[in-house]
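Raw contents of final-v7.cif, mmCIF, C-alpha atoms and all ligand atoms:
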data_structure
#
loop_
_atom_site.label_atom_id
_atom_site.label_comp_id
_atom_site.auth_asym_id
_atom_site.auth_seq_id
_atom_site.Cartn_x
_atom_site.Cartn_y
_atom_site.Cartn_z
CA MET A 1 32.08 -25.49 -37.19
CA THR A 2 31.88 -21.76 -37.58
CA GLY A 3 29.28 -20.75 -35.08
CA ALA A 4 28.81 -17.31 -36.58
CA ARG A 5 27.67 -18.69 -39.92
CA ASN A 6 25.44 -21.40 -38.56
CA PRO A 7 24.48 -20.44 -35.04
CA GLY A 8 22.06 -23.35 -34.81
CA LEU A 9 24.73 -25.95 -35.28
CA GLU A 10 27.70 -25.93 -32.96
CA ILE A 11 29.62 -29.10 -33.57
CA ALA A 12 32.95 -29.41 -31.86
CA ASP A 13 35.79 -30.30 -34.18
CA ASP A 14 38.13 -33.09 -33.48
CA ARG A 15 41.27 -33.00 -35.65
CA ALA A 16 41.07 -36.75 -36.09
CA ASP A 17 37.75 -36.32 -37.94
CA HIS A 18 39.46 -34.51 -40.76
CA TYR A 19 41.24 -36.09 -43.69
CA LEU A 20 45.00 -35.71 -43.08
CA GLY A 21 44.10 -33.83 -39.89
CA LEU A 22 43.81 -30.78 -42.15
CA PRO A 23 44.70 -27.66 -40.14
CA GLY A 24 42.03 -24.96 -40.27
CA ALA A 25 39.23 -27.32 -41.38
CA HIS A 26 35.85 -27.01 -39.68
CA ILE A 27 33.01 -29.45 -39.56
CA VAL A 28 30.24 -27.98 -41.65
CA ALA A 29 26.52 -28.58 -41.59
CA THR A 30 25.89 -30.54 -44.75
CA ASP A 31 22.28 -31.60 -45.31
CA SER A 32 23.36 -35.21 -44.70
CA LEU A 33 25.04 -34.38 -41.42
CA LEU A 34 21.95 -32.57 -40.14
CA MET A 35 19.78 -35.47 -41.18
CA VAL A 36 22.07 -37.99 -39.49
CA ARG A 37 21.91 -35.97 -36.31
CA ASP A 38 18.11 -35.97 -36.32
CA ASN A 39 17.91 -39.62 -37.22
CA LEU A 40 20.40 -40.63 -34.56
CA ALA A 41 18.43 -38.76 -31.93
CA ASP A 42 15.37 -40.85 -32.86
CA VAL A 43 17.36 -44.07 -33.00
CA LEU A 44 18.90 -43.48 -29.58
CA ALA A 45 15.56 -42.62 -28.05
CA ALA A 46 14.11 -45.84 -29.44
CA LYS A 47 17.25 -47.89 -28.66
CA ALA A 48 16.92 -49.10 -32.20
CA MET A 49 19.11 -49.96 -35.20
CA MET A 50 20.11 -47.67 -38.04
CA CYS A 51 21.93 -48.12 -41.34
CA VAL A 52 23.92 -45.25 -42.87
CA HIS A 53 25.14 -46.13 -46.33
CA GLY A 54 26.62 -44.53 -49.44
CA ASP A 55 29.80 -44.19 -51.45
CA ALA A 56 33.26 -43.63 -49.97
CA GLY A 57 34.19 -40.10 -49.01
CA LEU A 58 30.68 -38.67 -48.71
CA GLY A 59 31.05 -37.94 -44.99
CA LYS A 60 29.28 -40.89 -43.34
CA THR A 61 31.87 -41.62 -40.67
CA LEU A 62 32.48 -37.99 -39.81
CA SER A 63 28.77 -37.17 -39.62
CA VAL A 64 27.99 -40.13 -37.37
CA ASN A 65 30.98 -39.46 -35.10
CA ALA A 66 30.37 -35.73 -34.78
CA SER A 67 26.66 -36.23 -34.14
CA LEU A 68 27.19 -38.91 -31.53
CA ARG A 69 29.82 -36.82 -29.78
CA GLU A 70 27.12 -34.26 -29.33
CA LEU A 71 24.19 -36.55 -28.59
CA ALA A 72 25.67 -39.33 -26.52
CA ALA A 73 29.41 -38.94 -26.10
CA ASN A 74 29.85 -41.30 -23.18
CA THR A 75 27.80 -44.14 -24.49
CA VAL A 76 29.54 -44.74 -27.81
CA CYS A 77 31.46 -47.90 -28.54
CA ARG A 78 33.02 -48.05 -32.01
CA VAL A 79 34.10 -51.13 -33.87
CA GLN A 80 35.53 -51.28 -37.34
CA PHE A 81 36.74 -54.08 -39.57
CA ARG A 82 39.01 -53.92 -42.55
CA ALA A 83 38.60 -57.35 -44.05
CA ARG A 84 35.86 -59.95 -43.83
CA PRO A 85 35.31 -60.51 -40.12
CA THR A 86 33.75 -63.55 -38.48
CA PRO A 87 31.46 -63.48 -35.41
CA ARG A 88 34.57 -64.41 -33.46
CA ASP A 89 36.26 -61.20 -34.65
CA ILE A 90 33.23 -59.20 -33.60
CA ARG A 91 33.30 -60.73 -30.12
CA HIS A 92 36.98 -59.88 -29.72
CA GLU A 93 36.61 -56.39 -31.13
CA LEU A 94 33.69 -55.66 -28.80
CA PHE A 95 35.65 -57.05 -25.86
CA ARG A 96 38.43 -54.62 -26.68
CA ALA A 97 36.24 -51.62 -27.50
CA LEU A 98 34.23 -52.06 -24.32
CA GLY A 99 37.47 -52.06 -22.35
CA ILE A 100 36.52 -55.22 -20.52
CA GLY A 101 40.07 -56.20 -19.64
CA GLY A 102 41.58 -59.54 -18.70
CA GLU A 103 41.73 -62.56 -20.94
CA PRO A 104 38.86 -62.98 -23.41
CA PRO A 105 36.87 -66.17 -22.69
CA THR A 106 37.68 -69.06 -24.99
CA LYS A 107 34.23 -70.60 -25.37
CA PRO A 108 31.68 -68.66 -27.46
CA ILE A 109 28.91 -69.22 -24.93
CA GLU A 110 30.96 -67.81 -22.10
CA PHE A 111 32.17 -65.00 -24.28
CA ASP A 112 28.60 -64.00 -25.15
CA ALA A 113 27.60 -64.13 -21.51
CA VAL A 114 30.40 -61.70 -20.62
CA LEU A 115 29.53 -59.33 -23.47
CA LYS A 116 25.82 -59.38 -22.73
CA ASP A 117 26.48 -58.74 -19.08
CA VAL A 118 28.55 -55.63 -19.88
CA LEU A 119 26.08 -54.49 -22.55
CA GLY A 120 23.30 -54.71 -19.99
CA GLN A 121 24.96 -52.58 -17.33
CA ARG A 122 24.12 -49.26 -18.97
CA PHE A 123 22.88 -47.97 -22.31
CA ARG A 124 25.40 -47.98 -25.16
CA VAL A 125 25.44 -47.08 -28.83
CA LEU A 126 27.45 -49.58 -30.83
CA VAL A 127 28.78 -48.14 -34.07
CA CYS A 128 29.89 -50.70 -36.61
CA ASP A 129 31.78 -48.87 -39.36
CA GLU A 130 32.73 -50.34 -42.74
CA ALA A 131 29.75 -52.64 -42.35
CA GLN A 132 29.89 -53.62 -46.02
CA TRP A 133 32.44 -56.24 -44.92
CA LEU A 134 29.95 -58.08 -42.74
CA SER A 135 28.68 -61.49 -43.76
CA ARG A 136 25.23 -62.88 -43.12
CA GLU A 137 26.57 -64.67 -40.07
CA CYS A 138 27.98 -61.46 -38.66
CA PHE A 139 24.76 -59.55 -39.10
CA GLU A 140 23.03 -62.45 -37.40
CA TYR A 141 25.39 -62.03 -34.48
CA TRP A 142 24.56 -58.33 -34.09
CA ARG A 143 20.87 -59.20 -34.20
CA HIS A 144 21.40 -61.78 -31.52
CA LEU A 145 23.00 -59.18 -29.22
CA TRP A 146 20.34 -56.58 -29.94
CA ASP A 147 17.43 -59.00 -29.45
CA ASP A 148 18.68 -60.21 -26.11
CA ARG A 149 16.48 -58.69 -23.44
CA ALA A 150 19.41 -58.22 -21.10
CA THR A 151 21.29 -55.88 -23.43
CA ASP A 152 20.64 -52.14 -23.48
CA ILE A 153 21.93 -51.02 -26.88
CA ALA A 154 21.33 -49.12 -30.09
CA ILE A 155 23.32 -50.21 -33.15
CA VAL A 156 24.46 -47.99 -36.03
CA PHE A 157 25.79 -49.71 -39.14
CA VAL A 158 27.83 -47.43 -41.37
CA GLY A 159 29.03 -48.72 -44.67
CA GLY A 160 29.96 -48.29 -48.29
CA GLY A 161 27.74 -48.90 -51.26
CA ASP A 162 27.32 -52.63 -50.73
CA CYS A 163 26.23 -52.29 -47.15
CA TYR A 164 22.65 -51.54 -48.15
CA GLN A 165 22.33 -54.54 -50.46
CA VAL A 166 23.99 -56.89 -47.98
CA LEU A 167 21.73 -55.79 -45.16
CA ARG A 168 18.60 -55.84 -47.28
CA ARG A 169 19.32 -59.45 -48.11
CA GLU A 170 19.00 -60.31 -44.42
CA PRO A 171 15.31 -59.83 -43.64
CA MET A 172 15.77 -61.00 -40.06
CA LEU A 173 17.97 -58.00 -39.48
CA SER A 174 16.78 -55.48 -42.05
CA SER A 175 13.21 -55.72 -40.81
CA ARG A 176 14.52 -54.53 -37.45
CA VAL A 177 16.37 -51.52 -38.84
CA TYR A 178 14.44 -48.45 -37.72
CA VAL A 179 16.05 -45.81 -39.96
CA TRP A 180 17.88 -46.12 -43.26
CA GLN A 181 19.86 -43.16 -44.55
CA GLU A 182 21.70 -42.91 -47.81
CA PHE A 183 24.51 -40.40 -48.30
CA GLN A 184 24.70 -38.77 -51.70
CA ARG A 185 27.00 -36.32 -53.42
CA MET A 186 26.41 -32.72 -52.46
CA PRO A 187 24.60 -30.88 -55.25
CA ARG A 188 26.38 -27.80 -56.58
CA GLU A 189 24.35 -25.26 -54.62
CA GLN A 190 25.18 -27.07 -51.39
CA VAL A 191 28.87 -27.10 -52.27
CA LEU A 192 28.72 -23.34 -52.80
CA ARG A 193 27.09 -22.92 -49.41
CA VAL A 194 29.23 -25.19 -47.22
CA ILE A 195 32.72 -25.02 -48.74
CA PRO A 196 33.38 -21.34 -47.84
CA ALA A 197 32.60 -22.24 -44.20
CA TYR A 198 34.69 -25.40 -44.35
CA HIS A 199 38.14 -23.82 -44.59
CA PRO A 200 39.63 -20.30 -44.60
CA VAL A 201 41.17 -20.80 -48.05
CA TRP A 202 37.63 -20.74 -49.52
CA GLU A 203 36.22 -17.99 -47.36
CA ASN A 204 36.58 -15.22 -49.90
CA THR A 205 36.83 -17.30 -53.05
CA ASP A 206 34.51 -16.55 -55.95
CA ALA A 207 31.58 -18.93 -56.26
CA GLU A 208 32.60 -19.38 -59.88
CA VAL A 209 36.01 -20.73 -58.83
CA ILE A 210 34.47 -23.07 -56.25
CA GLY A 211 31.97 -24.30 -58.84
CA PHE A 212 34.81 -24.92 -61.29
CA ALA A 213 36.76 -26.90 -58.68
CA ASP A 214 33.69 -28.98 -57.93
CA ALA A 215 32.99 -29.71 -61.59
CA HIS A 216 36.57 -30.81 -62.23
CA ALA A 217 37.67 -32.47 -59.02
CA GLY A 218 35.30 -32.21 -56.05
CA HIS A 219 32.21 -33.83 -57.62
CA GLY A 220 30.24 -33.16 -54.45
CA ASN A 221 32.42 -35.64 -52.54
CA PHE A 222 33.75 -34.32 -49.24
CA ARG A 223 36.93 -36.36 -49.13
CA ALA A 224 37.78 -35.04 -52.60
CA TRP A 225 37.14 -31.53 -51.30
CA ALA A 226 39.35 -32.14 -48.27
CA LYS A 227 42.13 -33.19 -50.61
CA ILE A 228 41.65 -30.18 -52.91
CA THR A 229 41.70 -27.93 -49.86
CA ALA A 230 44.93 -29.40 -48.51
CA HIS A 231 46.63 -28.85 -51.88
CA ALA A 232 45.13 -25.38 -52.27
CA ALA A 233 46.41 -24.28 -48.86
CA ARG A 234 49.86 -25.53 -49.79
CA ALA A 235 49.70 -23.83 -53.18
CA LEU A 236 48.78 -20.50 -51.64
CA SER A 237 51.84 -20.52 -49.46
CA ARG A 238 54.10 -21.70 -52.30
CA LEU A 239 52.79 -19.24 -54.84
CA ASP A 240 52.64 -16.55 -52.19
CA GLN A 241 49.02 -15.75 -53.02
CA SER A 242 46.23 -14.89 -50.66
CA GLY A 243 43.21 -16.31 -52.47
CA VAL A 244 42.37 -19.28 -54.64
CA ASP A 245 41.93 -18.50 -58.33
CA ARG A 246 42.08 -20.59 -61.50
CA GLU A 247 45.86 -20.54 -61.49
CA VAL A 248 45.97 -22.05 -58.00
CA LEU A 249 43.38 -24.61 -59.06
CA GLY A 250 45.54 -25.55 -62.02
CA TRP A 251 48.36 -26.35 -59.61
CA VAL A 252 45.98 -28.36 -57.42
CA PHE A 253 44.56 -30.34 -60.35
CA SER A 254 48.06 -31.23 -61.54
CA LYS A 255 48.71 -32.84 -58.14
CA LEU A 256 45.40 -34.71 -58.19
CA SER A 257 45.56 -36.08 -61.69
CA GLY A 258 49.22 -37.06 -61.71
CA ARG A 259 49.31 -35.93 -65.34
CA ALA A 260 50.80 -32.91 -66.98
CA GLY A 261 48.30 -30.60 -68.71
N1 LIG A 301 30.47 -32.32 -42.68
C1 LIG A 301 31.79 -32.26 -42.91
N2 LIG A 301 32.52 -31.17 -42.55
C2 LIG A 301 33.84 -31.10 -42.79
N3 LIG A 301 34.55 -32.07 -43.36
C3 LIG A 301 33.90 -33.19 -43.74
C4 LIG A 301 32.49 -33.35 -43.54
N4 LIG A 301 32.14 -34.56 -44.00
C5 LIG A 301 33.26 -35.13 -44.48
N5 LIG A 301 34.33 -34.32 -44.33
C6 LIG A 301 35.70 -34.58 -44.79
O1 LIG A 301 35.66 -35.65 -45.73
C7 LIG A 301 36.45 -36.76 -45.25
C8 LIG A 301 35.76 -38.04 -45.59
O2 LIG A 301 34.60 -38.19 -44.79
P1 LIG A 301 34.23 -39.62 -44.14
O3 LIG A 301 33.19 -39.36 -43.12
O4 LIG A 301 35.45 -40.35 -43.73
O5 LIG A 301 33.58 -40.33 -45.43
P2 LIG A 301 32.96 -41.80 -45.54
O6 LIG A 301 32.89 -42.39 -44.18
O7 LIG A 301 31.61 -41.58 -46.17
O8 LIG A 301 33.88 -42.55 -46.46
C9 LIG A 301 36.63 -36.51 -43.77
O9 LIG A 301 37.84 -37.09 -43.31
C10 LIG A 301 36.67 -35.00 -43.69
O10 LIG A 301 37.96 -34.53 -44.04
MG MG A 302 33.84 -44.08 -43.41
#
Go through the file and emit its structure as structure tokens.
Amino acid sequence: MTGARNPGLEIADDRADHYLGLPGAHIVATDSLLMVRDNLADVLAAKAMMCVHGDAGLGKTLSVNASLRELAANTVCRVQFRARPTPRDIRHELFRALGIGGEPPTKPIEFDAVLKDVLGQRFRVLVCDEAQWLSRECFEYWRHLWDDRATDIAIVFVGGGDCYQVLRREPMLSSRVYVWQEFQRMPREQVLRVIPAYHPVWENTDAEVIGFADAHAGHGNFRAWAKITAHAARALSRLDQSGVDREVLGWVFSKLSGRAG
């Protein structure tokens, strides 16, 4: 984050937040990120549940991570699944993420007792990313942990497009969700505001060129912009140019489309 441009929002960067660990990239204050930060503050205060959903690449994971680093760094426990998990997978993943150590219990009842004991020792925020993979049974398991009076937790579900529908289908859980937040594409005027602060290659670039890049490749999607930026930085050094213009963009687009012309 460039403090000078947005003095109200100092968010520490962590290279791992950025696509390809892009050198020179800063976390910027998108409207969605600011809203996530406010919502998370409420959710933590209420020890409640939240659902952050929206299409891939819109900045959900980064916004939640950066905000929690600032709001509650030492209480965060992240779990993430890549394929359809079962409640058993969730138990094991929590066991690992909580750093419990030793052999995981074999019987579910014992396992739950261990987890609940640890989750009751001090307040924690459990972040379940890629929540669109969760089945009804899995959501039921999270609810079970959250409802238990012994546990002291807030839960943040972060997921792709389907996450919202899947969760909404589970009234037992969805009725308990305190805040819902949908991520959307950045509108053009927001792109023009945040992209120059995002990376030095855009700092002195004409708004017209940034608008053109957004119309043709960025589409208000931050991961797409991260990719464009990585290629643009490379192009500048190859073409020995100091600023991005339409010629540089042409080079970038050729990499992105995989097609000549
Ligand atoms: N607010 C932001 N500031 C800077 N870069 C961002 C921001 N939001 C997203 N990005 C970039 O876009 C990429 C994709 O964001 P991510 O949070 O992983 O999207 P999602 O979880 O919605 O699929 C990140 O790796 C990062 O490079
Ligand atoms: Mg993500």
Enumerate residues in contact with ligand MG 302 (chain A): an atom-to-atom distance of at most 7 Å, counting all atoms listed in the file. Format the result as a PyMOL selection string. chain A and resi 56-57+59-61+129-130+159
Those selected residues, please, written with C-alpha atoms and delivered as a tab-separated table (two decimals), keeping the file's coordinate frame.
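Output (result-v9.tsv):
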chain	number	residue	atom	x	y	z
A	56	ALA	CA	33.26	-43.63	-49.97
A	57	GLY	CA	34.19	-40.10	-49.01
A	59	GLY	CA	31.05	-37.94	-44.99
A	60	LYS	CA	29.28	-40.89	-43.34
A	61	THR	CA	31.87	-41.62	-40.67
A	129	ASP	CA	31.78	-48.87	-39.36
A	130	GLU	CA	32.73	-50.34	-42.74
A	159	GLY	CA	29.03	-48.72	-44.67
Kindly work out which residues sit at most 8 Å from ligand LIG 301 (chain A), using all atoms listed in the file, and give the list as a ChimeraX atom specification. /A:1,16-22,25-30,32-33,53-64,158-160,183,198,221-227
Taking into account only C-alpha atoms, which residue in the set A:Val191, A:Ala131, A:Met50, A:Val36 is nearest to Cys163 in chain A?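 Once distances to Cys163 in chain A are computed over only C-alpha atoms, the minimum belongs to A:Ala131.
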Rank A:Gly220, A:Glu203, A:Ala66, A:Asn74 by their smallest atom-to-atom distance to Ser242 in chain A, using only C-alpha atoms, and report the top residue only. A:Glu203
Between CA of Phe123 in chain A and CA of Ser175 in chain A, what distance in Å does the model show, to one decimal?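 So the two atoms, CA of Phe123 in chain A and CA of Ser175 in chain A, lie 22.3 Å apart.
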Best match for closeness to Arg84 in chain A among A:Ala72, A:Cys138, A:Ile109, A:Leu249, counting only C-alpha atoms: A:Cys138
Report, in Å with one decimal, the straight-line distance from CA of Leu71 in chain A to CA of Asp152 in chain A. 16.8 Å
So, counting only C-alpha atoms, which residue among A:His92, A:Val114, A:Ala154, A:Pro104 is closest to Lys47 in chain A?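 Of the candidates, the smallest distance to Lys47 in chain A is held by A:Ala154.
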Kindly indicate which residue among A:Phe212, A:Phe95, A:Phe139, A:Tyr178 lies nearest to Leu44 in chain A, using only C-alpha atoms for the distances. A:Tyr178
Counting all atoms listed in the file, the option among A:Asp117, A:Asp245, A:Asp38, A:Glu103 closest to Thr205 in chain A: A:Asp245
Neighbouring residues of Pro105 in chain A were defined as those with any atom within 12 Å, considering only C-alpha atoms; residues of the same chain fewer than 5 positions away were excluded. Please report them as a list in words.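 Residues near the query, excluding close chain neighbours: Arg88, Arg91, His92, Phe95, Ile100, Glu110, Phe111, Asp112, Ala113, Val114 and Leu115 of chain A.
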Can you tell me how far CA of Val194 in chain A sits from CA of Asp42 in chain A, in Å to one decimal? 25.4 Å
Just the residues within 9 Å of Val179 in chain A, please, counting all atoms listed in the file, with nothing from its chain fewer than 3 positions along; format it as a list of chain:residue names. A:Asn39, A:Leu40, A:Asp42, A:Val43, A:Ala48, A:Met49, A:Met50, A:Cys51, A:Val52
Just the residues within 12 Å of Ile228 in chain A, please, counting all atoms listed in the file, with nothing from its chain fewer than 4 positions along; format it as a VMD selection string. chain A and resid 19 to 20 22 195 199 201 to 202 210 213 to 214 216 to 224 232 to 235 244 248 to 257
